[in-house]
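Data block for data.cif (mmCIF, C-alpha atoms and all ligand atoms):
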data_final
#
loop_
_atom_site.group_PDB
_atom_site.id
_atom_site.type_symbol
_atom_site.label_atom_id
_atom_site.label_comp_id
_atom_site.auth_asym_id
_atom_site.auth_seq_id
_atom_site.Cartn_x
_atom_site.Cartn_y
_atom_site.Cartn_z
ATOM 1 C CA MET V 19 115.224 139.859 106.337
ATOM 2 C CA GLY V 20 114.416 136.595 108.019
ATOM 3 C CA ASN V 21 116.670 133.597 107.777
ATOM 4 C CA ASP V 22 113.850 131.097 107.515
ATOM 5 C CA SER V 23 114.227 130.662 103.782
ATOM 6 C CA ALA V 24 118.029 130.680 103.793
ATOM 7 C CA SER V 25 119.437 127.605 102.152
ATOM 8 C CA ARG V 26 121.669 125.461 104.270
ATOM 9 C CA CYS V 27 124.267 122.846 103.541
ATOM 10 C CA VAL V 28 122.569 119.445 103.759
ATOM 11 C CA ALA V 29 125.768 117.911 105.108
ATOM 12 C CA CYS V 30 126.797 120.295 107.891
ATOM 13 C CA GLY V 31 123.901 122.753 108.210
ATOM 14 C CA ASP V 32 125.928 125.886 107.502
ATOM 15 C CA PRO V 33 124.202 128.622 105.493
ATOM 16 C CA VAL V 34 125.202 128.482 101.830
ATOM 17 C CA SER V 35 125.888 131.491 99.628
ATOM 18 C CA ALA V 36 124.599 132.044 96.095
ATOM 19 C CA ASP V 37 127.996 130.923 94.798
ATOM 20 C CA GLU V 38 127.830 127.695 96.789
ATOM 21 C CA ILE V 39 124.306 127.036 95.509
ATOM 22 C CA GLY V 40 125.415 127.683 91.944
ATOM 23 C CA LEU V 41 128.427 125.443 92.300
ATOM 24 C CA THR V 42 126.369 122.622 93.812
ATOM 25 C CA LYS V 43 124.015 122.827 90.839
ATOM 26 C CA LYS V 44 126.939 122.892 88.439
ATOM 27 C CA LEU V 45 128.740 119.935 90.012
ATOM 28 C CA ILE V 46 125.782 117.763 90.995
ATOM 29 C CA ASN V 47 122.559 118.603 89.222
ATOM 30 C CA ARG V 48 120.926 121.782 87.992
ATOM 31 C CA GLY V 49 117.647 120.743 89.538
ATOM 32 C CA THR V 50 118.987 119.793 92.933
ATOM 33 C CA LYS V 51 117.245 121.200 95.978
ATOM 34 C CA GLU V 52 120.031 120.100 98.291
ATOM 35 C CA PHE V 53 123.049 122.355 98.499
ATOM 36 C CA TYR V 54 126.511 122.040 99.966
ATOM 37 C CA CYS V 55 128.919 124.586 101.389
ATOM 38 C CA PHE V 56 132.440 124.967 99.995
ATOM 39 C CA ARG V 57 133.929 122.785 102.702
ATOM 40 C CA CYS V 58 131.578 119.862 102.066
ATOM 41 C CA LEU V 59 131.844 120.216 98.271
ATOM 42 C CA SER V 60 135.590 120.218 98.704
ATOM 43 C CA GLU V 61 135.499 117.004 100.730
ATOM 44 C CA HIS V 62 132.943 115.335 98.493
ATOM 45 C CA PHE V 63 134.715 116.038 95.203
ATOM 46 C CA ARG V 64 138.242 116.090 96.644
ATOM 47 C CA ILE V 65 138.792 119.534 95.177
ATOM 48 C CA SER V 66 140.400 122.217 97.314
ATOM 49 C CA GLU V 67 138.238 125.163 98.310
ATOM 50 C CA GLU V 68 140.674 127.391 96.482
ATOM 51 C CA ASN V 69 140.102 125.433 93.286
ATOM 52 C CA LEU V 70 136.337 125.580 93.810
ATOM 53 C CA ARG V 71 136.545 129.368 94.003
ATOM 54 C CA GLU V 72 138.648 129.438 90.852
ATOM 55 C CA MET V 73 136.025 127.284 89.132
ATOM 56 C CA ILE V 74 133.339 129.777 90.108
ATOM 57 C CA ILE V 75 135.340 132.632 88.641
ATOM 58 C CA ARG V 76 135.777 130.643 85.432
ATOM 59 C CA PHE V 77 132.064 129.845 85.210
ATOM 60 C CA ARG V 78 131.172 133.464 85.884
ATOM 61 C CA LYS V 79 133.532 134.653 83.165
ATOM 62 C CA GLN V 80 131.881 132.165 80.799
ATOM 63 C CA GLY V 81 128.564 133.792 81.603
ATOM 64 C CA CYS V 82 127.120 130.731 83.321
ATOM 65 C CA THR V 83 123.609 131.637 84.423
ATOM 66 C CA LEU V 84 123.988 129.763 87.710
ATOM 67 C CA PHE V 85 126.270 132.511 88.968
ATOM 68 C CA SER V 86 126.154 136.260 89.163
ATOM 69 C CA PRO V 87 127.660 137.905 86.072
ATOM 70 C CA TRP V 88 131.356 138.663 86.023
ATOM 71 C CA VAL V 89 132.302 142.339 85.988
ATOM 72 C CA GLU V 90 135.732 143.567 85.035
ATOM 73 C CA ASP V 91 136.667 145.201 88.317
ATOM 74 C CA ASP V 92 135.590 142.151 90.261
ATOM 75 C CA ASN V 93 139.157 140.962 90.643
ATOM 76 C CA GLN V 94 141.104 141.314 93.872
ATOM 77 C CA ASN V 95 140.478 145.069 94.029
ATOM 78 C CA HIS V 96 137.572 145.393 96.360
ATOM 79 C CA THR V 97 138.725 148.697 97.787
ATOM 80 C CA GLU V 98 135.898 150.580 96.118
ATOM 81 C CA VAL V 99 132.365 149.303 96.193
ATOM 82 C CA LYS V 100 130.047 150.819 93.643
ATOM 83 C CA SER V 101 126.342 150.529 94.101
HETATM 84 ZN ZN ZN R 201 128.695 121.832 104.604
#
Would you give me this structure, written as structure tokens?
Ligand SMILES: [Zn+2]
Amino acid sequence: MGNDSASRCVACGDPVSADEIGLTKKLINRGTKEFYCFRCLSEHFRISEENLREMIIRFRKQGCTLFSPWVEDDNQNHTEVKS
């Protein structure tokens, strides 16, 4: 997999994950083509990164289509990874 198409934070240039892309869309604009990493979102909105991650979990549990679906054993227990 090449990294050419990887989205990057427009503020700091770090690669952004699917969660960061979803959260940028949620907080800024669904149609935005510019994404921010957790750290820059945190600074911009003055929300701690921990709270941003909690927001993502809440959105996922609500079934928000901007994020991957929530599954029950997606809590802290990541000891077993099913494929
Ligand atoms: Zn950034």
Can you check which parts of chain V lie within 10 Å of ligand ZN 201 (chain R)? Per residue, the shortest pair of atoms and distance in Å to one decimal, counting all atoms listed in the file, sorted by chain and number, as JSON lines.
{"residue": "V:Arg26", "atom": "CA", "partner": "R:ZN201", "partner_atom": "ZN", "distance": 7.9}
{"residue": "V:Cys27", "atom": "CA", "partner": "R:ZN201", "partner_atom": "ZN", "distance": 4.7}
{"residue": "V:Val28", "atom": "CA", "partner": "R:ZN201", "partner_atom": "ZN", "distance": 6.6}
{"residue": "V:Ala29", "atom": "CA", "partner": "R:ZN201", "partner_atom": "ZN", "distance": 4.9}
{"residue": "V:Cys30", "atom": "CA", "partner": "R:ZN201", "partner_atom": "ZN", "distance": 4.1}
{"residue": "V:Gly31", "atom": "CA", "partner": "R:ZN201", "partner_atom": "ZN", "distance": 6.1}
{"residue": "V:Asp32", "atom": "CA", "partner": "R:ZN201", "partner_atom": "ZN", "distance": 5.7}
{"residue": "V:Pro33", "atom": "CA", "partner": "R:ZN201", "partner_atom": "ZN", "distance": 8.2}
{"residue": "V:Val34", "atom": "CA", "partner": "R:ZN201", "partner_atom": "ZN", "distance": 8.0}
{"residue": "V:Glu38", "atom": "CA", "partner": "R:ZN201", "partner_atom": "ZN", "distance": 9.8}
{"residue": "V:Phe53", "atom": "CA", "partner": "R:ZN201", "partner_atom": "ZN", "distance": 8.3}
{"residue": "V:Tyr54", "atom": "CA", "partner": "R:ZN201", "partner_atom": "ZN", "distance": 5.1}
{"residue": "V:Cys55", "atom": "CA", "partner": "R:ZN201", "partner_atom": "ZN", "distance": 4.2}
{"residue": "V:Phe56", "atom": "CA", "partner": "R:ZN201", "partner_atom": "ZN", "distance": 6.7}
{"residue": "V:Arg57", "atom": "CA", "partner": "R:ZN201", "partner_atom": "ZN", "distance": 5.6}
{"residue": "V:Cys58", "atom": "CA", "partner": "R:ZN201", "partner_atom": "ZN", "distance": 4.3}
{"residue": "V:Leu59", "atom": "CA", "partner": "R:ZN201", "partner_atom": "ZN", "distance": 7.3}
{"residue": "V:Ser60", "atom": "CA", "partner": "R:ZN201", "partner_atom": "ZN", "distance": 9.2}
{"residue": "V:Glu61", "atom": "CA", "partner": "R:ZN201", "partner_atom": "ZN", "distance": 9.2}
{"residue": "V:His62", "atom": "CA", "partner": "R:ZN201", "partner_atom": "ZN", "distance": 9.9}
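Proximity to Cys82 (chain V) was assessed for V:Phe63, V:Lys44, V:Lys51, V:Ala24 counting all atoms listed in the file; the smallest distance is recorded for V:Lys44.
Taking CA of Val89 (chain V) and CA of Leu45 (chain V) as endpoints, the distance between them is 23.0 Å.
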Exercise for review: Evaluate the PyMOL selection byres (((chain V and resi 83) around 12) and not hetatm) here and jot the selected residues down as JSON, numbers by chain.
Suggested key: {"V": [36, 37, 40, 41, 43, 44, 48, 74, 77, 78, 79, 80, 81, 82, 84, 85, 86, 87, 88]}
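Coordinates place CA of Thr50 (chain V) at a distance of 19.9 Å from CA of Ile65 (chain V).
Of note, CA of Glu72 (chain V) and CA of Asn47 (chain V) are spaced 19.5 Å apart.
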